[in-house]
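Asks: Here you go, this is run.cif (mmCIF, C-alpha atoms).
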data_coords
#
loop_
_atom_site.group_PDB
_atom_site.id
_atom_site.type_symbol
_atom_site.label_atom_id
_atom_site.label_comp_id
_atom_site.auth_asym_id
_atom_site.auth_seq_id
_atom_site.Cartn_x
_atom_site.Cartn_y
_atom_site.Cartn_z
ATOM 1 C CA MET A 1 0.000 0.000 0.000
ATOM 2 C CA ASN A 2 1.535 3.274 -1.055
ATOM 3 C CA TRP A 3 0.186 6.808 -1.345
ATOM 4 C CA GLY A 4 2.943 8.328 -3.426
ATOM 5 C CA ASN A 5 6.193 10.057 -2.601
ATOM 6 C CA THR A 6 6.735 11.504 0.841
ATOM 7 C CA ASP A 7 9.507 13.498 2.453
ATOM 8 C CA ASP A 8 10.801 11.654 5.528
ATOM 9 C CA GLU A 9 12.229 14.800 7.089
ATOM 10 C CA VAL A 10 8.938 16.679 6.788
ATOM 11 C CA SER A 11 6.999 13.646 8.032
ATOM 12 C CA MET A 12 9.243 13.190 11.068
ATOM 13 C CA ARG A 13 9.003 16.892 11.947
ATOM 14 C CA ALA A 14 5.213 16.586 11.865
ATOM 15 C CA LEU A 15 5.254 13.476 14.059
ATOM 16 C CA ASN A 16 7.670 15.059 16.537
ATOM 17 C CA GLU A 17 5.414 18.094 16.759
ATOM 18 C CA THR A 18 2.390 15.920 17.450
ATOM 19 C CA VAL A 19 4.234 14.204 20.324
ATOM 20 C CA GLU A 20 5.283 17.572 21.717
ATOM 21 C CA GLN A 21 1.611 18.644 21.579
ATOM 22 C CA GLY A 22 0.582 15.585 23.618
ATOM 23 C CA VAL A 23 -0.401 13.021 21.009
ATOM 24 C CA ASN A 24 0.907 9.613 21.999
ATOM 25 C CA LEU A 25 -1.100 7.010 20.034
ATOM 26 C CA PHE A 26 0.132 6.114 16.565
ATOM 27 C CA ASP A 27 -1.743 3.654 14.384
ATOM 28 C CA THR A 28 0.004 1.780 11.603
ATOM 29 C CA ALA A 29 -0.038 -1.587 9.821
ATOM 30 C CA ASP A 30 2.415 -4.025 8.331
ATOM 31 C CA VAL A 31 1.125 -3.236 4.862
ATOM 32 C CA TYR A 32 1.446 0.588 5.034
ATOM 33 C CA GLY A 33 4.376 1.370 2.801
ATOM 34 C CA PHE A 34 5.127 -2.363 2.783
ATOM 35 C CA GLY A 35 6.400 -2.143 6.371
ATOM 36 C CA TYR A 36 8.015 1.274 6.081
ATOM 37 C CA SER A 37 5.397 2.950 8.267
ATOM 38 C CA GLU A 38 6.223 0.648 11.187
ATOM 39 C CA LYS A 39 9.944 1.310 10.760
ATOM 40 C CA PHE A 40 9.239 5.033 10.707
ATOM 41 C CA ILE A 41 7.290 4.799 13.976
ATOM 42 C CA SER A 42 10.306 2.963 15.415
ATOM 43 C CA GLN A 43 12.405 6.076 14.760
ATOM 44 C CA LEU A 44 9.832 8.147 16.631
ATOM 45 C CA ILE A 45 10.067 5.767 19.592
ATOM 46 C CA GLN A 46 13.857 6.006 19.580
ATOM 47 C CA THR A 47 13.621 9.798 19.743
ATOM 48 C CA HIS A 48 10.945 10.107 22.425
ATOM 49 C CA GLY A 49 11.199 6.830 24.358
ATOM 50 C CA ARG A 50 8.949 3.800 24.479
ATOM 51 C CA ASP A 51 7.125 5.098 27.552
ATOM 52 C CA LYS A 52 5.874 8.131 25.595
ATOM 53 C CA ILE A 53 4.544 6.336 22.500
ATOM 54 C CA ILE A 54 1.615 3.928 22.207
ATOM 55 C CA VAL A 55 1.821 1.826 19.060
ATOM 56 C CA ALA A 56 -1.315 0.329 17.569
ATOM 57 C CA THR A 57 -0.608 -1.809 14.546
ATOM 58 C CA LYS A 58 -2.587 -4.228 12.431
ATOM 59 C CA ALA A 59 -2.062 -7.433 10.513
ATOM 60 C CA GLY A 60 -4.434 -9.647 8.626
ATOM 61 C CA ASN A 61 -4.339 -10.522 4.981
ATOM 62 C CA ASP A 62 -1.014 -11.623 3.541
ATOM 63 C CA PHE A 63 -0.727 -8.896 0.922
ATOM 64 C CA TYR A 64 2.851 -9.915 0.154
ATOM 65 C CA ASN A 65 1.862 -13.340 -1.192
ATOM 66 C CA ALA A 66 -1.507 -12.411 -2.644
ATOM 67 C CA THR A 67 -2.839 -13.651 -5.915
ATOM 68 C CA THR A 68 -5.949 -12.566 -7.762
ATOM 69 C CA LYS A 69 -7.644 -15.748 -6.475
ATOM 70 C CA ASP A 70 -7.166 -14.681 -2.828
ATOM 71 C CA ASN A 71 -10.114 -12.541 -1.815
ATOM 72 C CA ASP A 72 -9.870 -10.271 -4.858
ATOM 73 C CA GLY A 73 -6.098 -9.870 -4.508
ATOM 74 C CA TYR A 74 -6.021 -8.950 -0.835
ATOM 75 C CA GLY A 75 -4.233 -12.156 0.039
ATOM 76 C CA PRO A 76 -5.110 -15.028 2.285
ATOM 77 C CA THR A 77 -5.533 -14.728 6.028
ATOM 78 C CA ARG A 78 -3.393 -17.426 7.597
ATOM 79 C CA GLN A 79 -2.207 -18.088 11.107
ATOM 80 C CA THR A 80 1.344 -18.525 9.801
ATOM 81 C CA HIS A 81 1.266 -15.048 8.281
ATOM 82 C CA LEU A 82 -0.026 -13.507 11.509
ATOM 83 C CA LYS A 83 2.740 -15.148 13.565
ATOM 84 C CA LYS A 84 5.372 -14.092 11.044
ATOM 85 C CA SER A 85 3.961 -10.569 10.969
ATOM 86 C CA ASN A 86 4.035 -10.326 14.767
ATOM 87 C CA ARG A 87 7.669 -11.442 14.900
ATOM 88 C CA TRP A 88 8.616 -9.077 12.090
ATOM 89 C CA CYS A 89 6.888 -6.167 13.803
ATOM 90 C CA LEU A 90 8.609 -6.763 17.151
ATOM 91 C CA GLU A 91 12.070 -7.637 15.848
ATOM 92 C CA LYS A 92 12.530 -5.875 12.517
ATOM 93 C CA SER A 93 10.158 -2.980 12.030
ATOM 94 C CA VAL A 94 8.866 -1.325 15.188
ATOM 95 C CA THR A 95 11.635 -3.057 17.194
ATOM 96 C CA VAL A 96 10.023 -2.984 20.608
ATOM 97 C CA GLU A 97 9.690 -5.586 23.345
ATOM 98 C CA TYR A 98 5.898 -5.425 23.255
ATOM 99 C CA LEU A 99 3.102 -3.846 21.254
ATOM 100 C CA SER A 100 0.534 -1.653 22.952
ATOM 101 C CA ASN A 101 -2.236 -2.826 20.615
ATOM 102 C CA ARG A 102 -2.182 -5.432 17.876
ATOM 103 C CA TYR A 103 -5.301 -5.649 15.745
ATOM 104 C CA PHE A 104 -6.439 -8.379 13.436
ATOM 105 C CA ALA A 105 -7.811 -6.686 10.349
ATOM 106 C CA ALA A 106 -8.875 -8.591 7.284
ATOM 107 C CA THR A 107 -11.001 -7.831 4.286
#
Have the structure of the file written as structure tokens, please.
Replies:
Amino acid sequence: MNWGNTDDEVSMRALNETVEQGVNLFDTADVYGFGYSEKFISQLIQTHGRDKIIVATKAGNDFYNATTKDNDGYGPTRQTHLKKSNRWCLEKSVTVEYLSNRYFAAT
């Protein structure tokens, strides 16, 4: 899932400003920017500290291995994908010891 080109510096300034204004809940998903959104939130956590940021992230359909036969191209929903997605989120993208909220979202 991609919404076009973005400027990371401008985006991070906006996120930092929101934290400074008291916002602490950030919602993302493994599919936003093909995982880039979660990695970006990880940078925000590194700047402000894990105790200041609540991360809500979603997983569901396996968009990465989707075919046109899988729910109109959204990909299958499999337990193996959800486990893999959880590990990836904790270890590779958001890189935190725990997630504040993890949602199951499927089409």
Asks: If the PyMOL selection byres ((chain A and resi 50) around 12) is run on the structure shown, which residues does it catch, given as a PyMOL selection string?
Replies: chain A and resi 24-25+41-49+51-55+94-100
Asks: For atom CA of A:Cys89 and atom CA of A:Gly60, quote the distance in Å rounded to one decimal.
Replies: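 One can read the atom CA of A:Cys89 to atom CA of A:Gly60 distance as 12.9 Å.
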Asks: Let me know the residues the PyMOL selection byres ((chain A and resi 29) around 7) catches in the file above, as JSON, numbers by chain.
Replies: {"A": [28, 30, 31, 32, 38, 57, 58, 59]}
Asks: Can you spit out the residues from that selection as a PDB file, in the frame of the given file, using C-alpha atoms?
Replies:
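Output below, filename again_29.pdb:
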ATOM      1  CA  THR A  28       0.004   1.780  11.603  1.00  0.00           C
ATOM      2  CA  ASP A  30       2.415  -4.025   8.331  1.00  0.00           C
ATOM      3  CA  VAL A  31       1.125  -3.236   4.862  1.00  0.00           C
ATOM      4  CA  TYR A  32       1.446   0.588   5.034  1.00  0.00           C
ATOM      5  CA  GLU A  38       6.223   0.648  11.187  1.00  0.00           C
ATOM      6  CA  THR A  57      -0.608  -1.809  14.546  1.00  0.00           C
ATOM      7  CA  LYS A  58      -2.587  -4.228  12.431  1.00  0.00           C
ATOM      8  CA  ALA A  59      -2.062  -7.433  10.513  1.00  0.00           C
TER       9      ALA A  59
END
Asks: Could you work out how far atom CA of A:Asn86 lies from atom CA of A:Glu17, giving the answer in Å with one decimal?
Replies: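 Atom CA of A:Asn86 lies at a distance of 28.5 Å from atom CA of A:Glu17.
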Asks: Between atom CA of A:Gly4 and atom CA of A:Ser85, what is the spacing in Å?
Replies: 23.8 Å
Asks: What are the centre and edge lengths in Å, to one decimal, of the axis-aligned box around all listed atoms of stretch 80-89 of chain A with 3 Å added on each side, as lines of an AutoDock Vina configuration file?
Replies:
center_x = 4.3
center_y = -12.3
center_z = 11.6
size_x = 14.6
size_y = 18.4
size_z = 12.6
